[in-house]
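Here is final20.cif, consisting of mmCIF, C-alpha atoms, pLDDT in the B column; chains and numbers go by the auth columns:
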data_protein
#
loop_
_atom_site.group_PDB
_atom_site.id
_atom_site.type_symbol
_atom_site.label_atom_id
_atom_site.label_comp_id
_atom_site.label_asym_id
_atom_site.label_seq_id
_atom_site.Cartn_x
_atom_site.Cartn_y
_atom_site.Cartn_z
_atom_site.B_iso_or_equiv
_atom_site.auth_seq_id
_atom_site.auth_asym_id
ATOM 1 C CA MET A 1 78.955 66.933 126.276 95.00 1 A
ATOM 2 C CA ILE A 2 81.414 66.721 129.158 96.00 2 A
ATOM 3 C CA HIS A 3 81.222 67.716 132.811 97.00 3 A
ATOM 4 C CA ALA A 4 83.321 70.646 134.011 98.00 4 A
ATOM 5 C CA PHE A 5 83.325 73.122 136.879 98.00 5 A
ATOM 6 C CA LEU A 6 82.418 76.750 136.209 98.00 6 A
ATOM 7 C CA LEU A 7 84.132 79.438 138.294 98.00 7 A
ATOM 8 C CA ILE A 8 81.723 82.237 139.226 98.00 8 A
ATOM 9 C CA VAL A 9 83.312 85.481 140.483 97.00 9 A
ATOM 10 C CA MET A 10 81.280 88.246 142.107 96.00 10 A
ATOM 11 C CA VAL A 11 82.314 91.688 143.367 91.00 11 A
ATOM 12 C CA GLN A 12 79.866 93.495 145.643 90.00 12 A
ATOM 13 C CA GLY A 13 77.162 91.020 144.565 93.00 13 A
ATOM 14 C CA ASP A 14 77.587 91.592 140.808 96.00 14 A
ATOM 15 C CA ILE A 15 78.822 88.711 138.660 97.00 15 A
ATOM 16 C CA ILE A 16 81.976 89.865 136.882 96.00 16 A
ATOM 17 C CA SER A 17 83.135 86.533 135.474 96.00 17 A
ATOM 18 C CA GLN A 18 81.433 83.275 134.561 97.00 18 A
ATOM 19 C CA ASP A 19 83.415 81.956 131.631 97.00 19 A
ATOM 20 C CA MET A 20 86.269 79.885 133.105 97.00 20 A
ATOM 21 C CA TYR A 21 85.783 76.119 133.188 98.00 21 A
ATOM 22 C CA PHE A 22 88.012 73.596 134.962 98.00 22 A
ATOM 23 C CA ARG A 23 88.251 69.800 134.728 97.00 23 A
ATOM 24 C CA SER A 24 88.799 69.415 138.471 98.00 24 A
ATOM 25 C CA ILE A 25 86.720 70.816 141.318 98.00 25 A
ATOM 26 C CA HIS A 26 89.941 71.011 143.350 98.00 26 A
ATOM 27 C CA VAL A 27 91.653 73.270 140.808 98.00 27 A
ATOM 28 C CA CYS A 28 88.519 75.406 140.447 98.00 28 A
ATOM 29 C CA ASN A 29 88.293 75.771 144.231 97.00 29 A
ATOM 30 C CA ASP A 30 91.993 76.735 144.380 95.00 30 A
ATOM 31 C CA TYR A 31 91.298 79.635 142.015 95.00 31 A
ATOM 32 C CA ALA A 32 88.149 80.619 143.913 96.00 32 A
ATOM 33 C CA HIS A 33 90.079 80.636 147.201 94.00 33 A
ATOM 34 C CA ALA A 34 92.909 82.706 145.692 91.00 34 A
ATOM 35 C CA LEU A 35 90.442 85.268 144.372 90.00 35 A
ATOM 36 C CA VAL A 36 88.631 85.649 147.683 89.00 36 A
ATOM 37 C CA HIS A 37 91.716 85.660 149.933 86.00 37 A
ATOM 38 C CA GLY A 38 94.379 87.074 147.621 78.00 38 A
ATOM 39 C CA GLN A 39 95.701 90.589 147.245 62.00 39 A
ATOM 40 C CA HIS A 40 93.886 92.610 144.572 62.00 40 A
ATOM 41 C CA LYS A 41 95.619 95.715 143.258 65.00 41 A
ATOM 42 C CA ASN A 42 92.474 97.210 141.746 64.00 42 A
ATOM 43 C CA ILE A 43 90.002 96.296 144.494 62.00 43 A
ATOM 44 C CA HIS A 44 89.726 98.126 147.830 62.00 44 A
ATOM 45 C CA HIS A 45 90.299 95.863 150.853 65.00 45 A
ATOM 46 C CA ASN A 46 86.715 96.410 152.096 69.00 46 A
ATOM 47 C CA THR A 47 85.195 95.275 148.797 77.00 47 A
ATOM 48 C CA MET A 48 83.352 91.964 149.057 87.00 48 A
ATOM 49 C CA VAL A 49 84.688 89.372 146.603 89.00 49 A
ATOM 50 C CA THR A 50 82.897 86.033 146.301 94.00 50 A
ATOM 51 C CA ALA A 51 83.978 83.112 144.141 97.00 51 A
ATOM 52 C CA TYR A 52 82.621 79.594 143.890 98.00 52 A
ATOM 53 C CA CYS A 53 82.438 76.660 141.492 98.00 53 A
ATOM 54 C CA ILE A 54 79.417 74.871 140.083 98.00 54 A
ATOM 55 C CA PRO A 55 79.232 71.737 137.923 98.00 55 A
ATOM 56 C CA LYS A 56 78.120 72.277 134.326 98.00 56 A
ATOM 57 C CA LYS A 57 77.827 70.253 131.153 98.00 57 A
ATOM 58 C CA VAL A 58 79.745 71.869 128.282 97.00 58 A
ATOM 59 C CA ASN A 59 80.475 71.074 124.657 96.00 59 A
ATOM 60 C CA GLU A 60 83.773 69.419 123.798 94.00 60 A
ATOM 61 C CA SER A 61 84.732 72.628 121.976 96.00 61 A
ATOM 62 C CA THR A 62 84.596 74.682 125.218 97.00 62 A
ATOM 63 C CA THR A 63 87.989 75.623 126.653 96.00 63 A
ATOM 64 C CA VAL A 64 88.435 73.712 129.899 97.00 64 A
ATOM 65 C CA TYR A 65 91.529 74.412 131.994 97.00 65 A
ATOM 66 C CA ASP A 66 93.580 71.768 133.777 92.00 66 A
ATOM 67 C CA ARG A 67 95.503 74.252 135.932 88.00 67 A
#
Just give me the structure of the file as structure tokens.
Amino acid sequence: MIHAFLLIVMVQGDIISQDMYFRSIHVCNDYAHALVHGQHKNIHHNTMVTAYCIPKKVNESTTVYDR
């Protein structure tokens, strides 16, 4: 088992993604920030987007992104 950071993405309170793992909390937070503050073509500007990272233990066979 290794430690990684799981990116959770929610739209209007519903989890839409929880399958991206990152080695670094800083990289995970960069993606979370981009999702919350970025421009989304398919999401209305009043739609609430939330993204955050949590630490998780994963198997060595899990895909974990560096960037």
Output the residue selection produced by the PyMOL selection byres ((chain A and resi 56) around 9) on the file above, formatted as a compact mmCIF listing (two decimals) with C-alpha atoms, in the frame of the given file.
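Final output, saved to out00.txt:
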# COMPACT_ATOMS: atom_id res chain seq x y z
CA ILE A 2 81.41 66.72 129.16
CA HIS A 3 81.22 67.72 132.81
CA ALA A 4 83.32 70.65 134.01
CA PHE A 5 83.32 73.12 136.88
CA LEU A 6 82.42 76.75 136.21
CA TYR A 21 85.78 76.12 133.19
CA ILE A 54 79.42 74.87 140.08
CA PRO A 55 79.23 71.74 137.92
CA LYS A 57 77.83 70.25 131.15
CA VAL A 58 79.74 71.87 128.28
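Of the listed residues (A:Ala32, A:Thr62, A:Thr47, A:Met1), A:Ala32 comes nearest to Ser17 (chain A); the distances count only C-alpha atoms.
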Between A:Cys53, A:Phe22, A:Met48, A:Val27, which is the closest to Ile8 (chain A) once you count all atoms listed in the file?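 Distance minimum relative to Ile8 (chain A) lands on A:Cys53.
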task = Calculate how many Å separate CA of Met10 (chain A) from CA of Glu60 (chain A), rounding to one decimal.
result =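 So the answer is 26.4 Å.
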Shortest contact to Asp66 (chain A), candidates A:Tyr52, A:Arg23, A:Gly38, A:Tyr31, atoms counted only C-alpha atoms, goes to A:Arg23
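The two atoms in question, CA of Asn29 (chain A) and CA of Thr50 (chain A), are spaced 11.8 Å apart.
The closest residue to His33 (chain A), picked from A:Met20, A:Asn59, A:Ala51, A:Gly13 and counting only C-alpha atoms, is A:Ala51.
Across the structure, CA of Asp30 (chain A) and CA of Arg67 (chain A) are spaced 9.5 Å apart.
Distances here use only C-alpha atoms; by that measure, the residue among A:Val49, A:Val36, A:Cys28, A:Ile15 closest to Tyr65 (chain A) is A:Cys28.
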Could you work out an axis-aligned box for region 11-23 of chain A, taking every atom the file lists and adding 3 Å on each side, and report centre and edge lengths in Å to one decimal, as JSON?
{"center_x": 82.7, "center_y": 81.6, "center_z": 138.6, "size_x": 17.1, "size_y": 29.7, "size_z": 20.0}
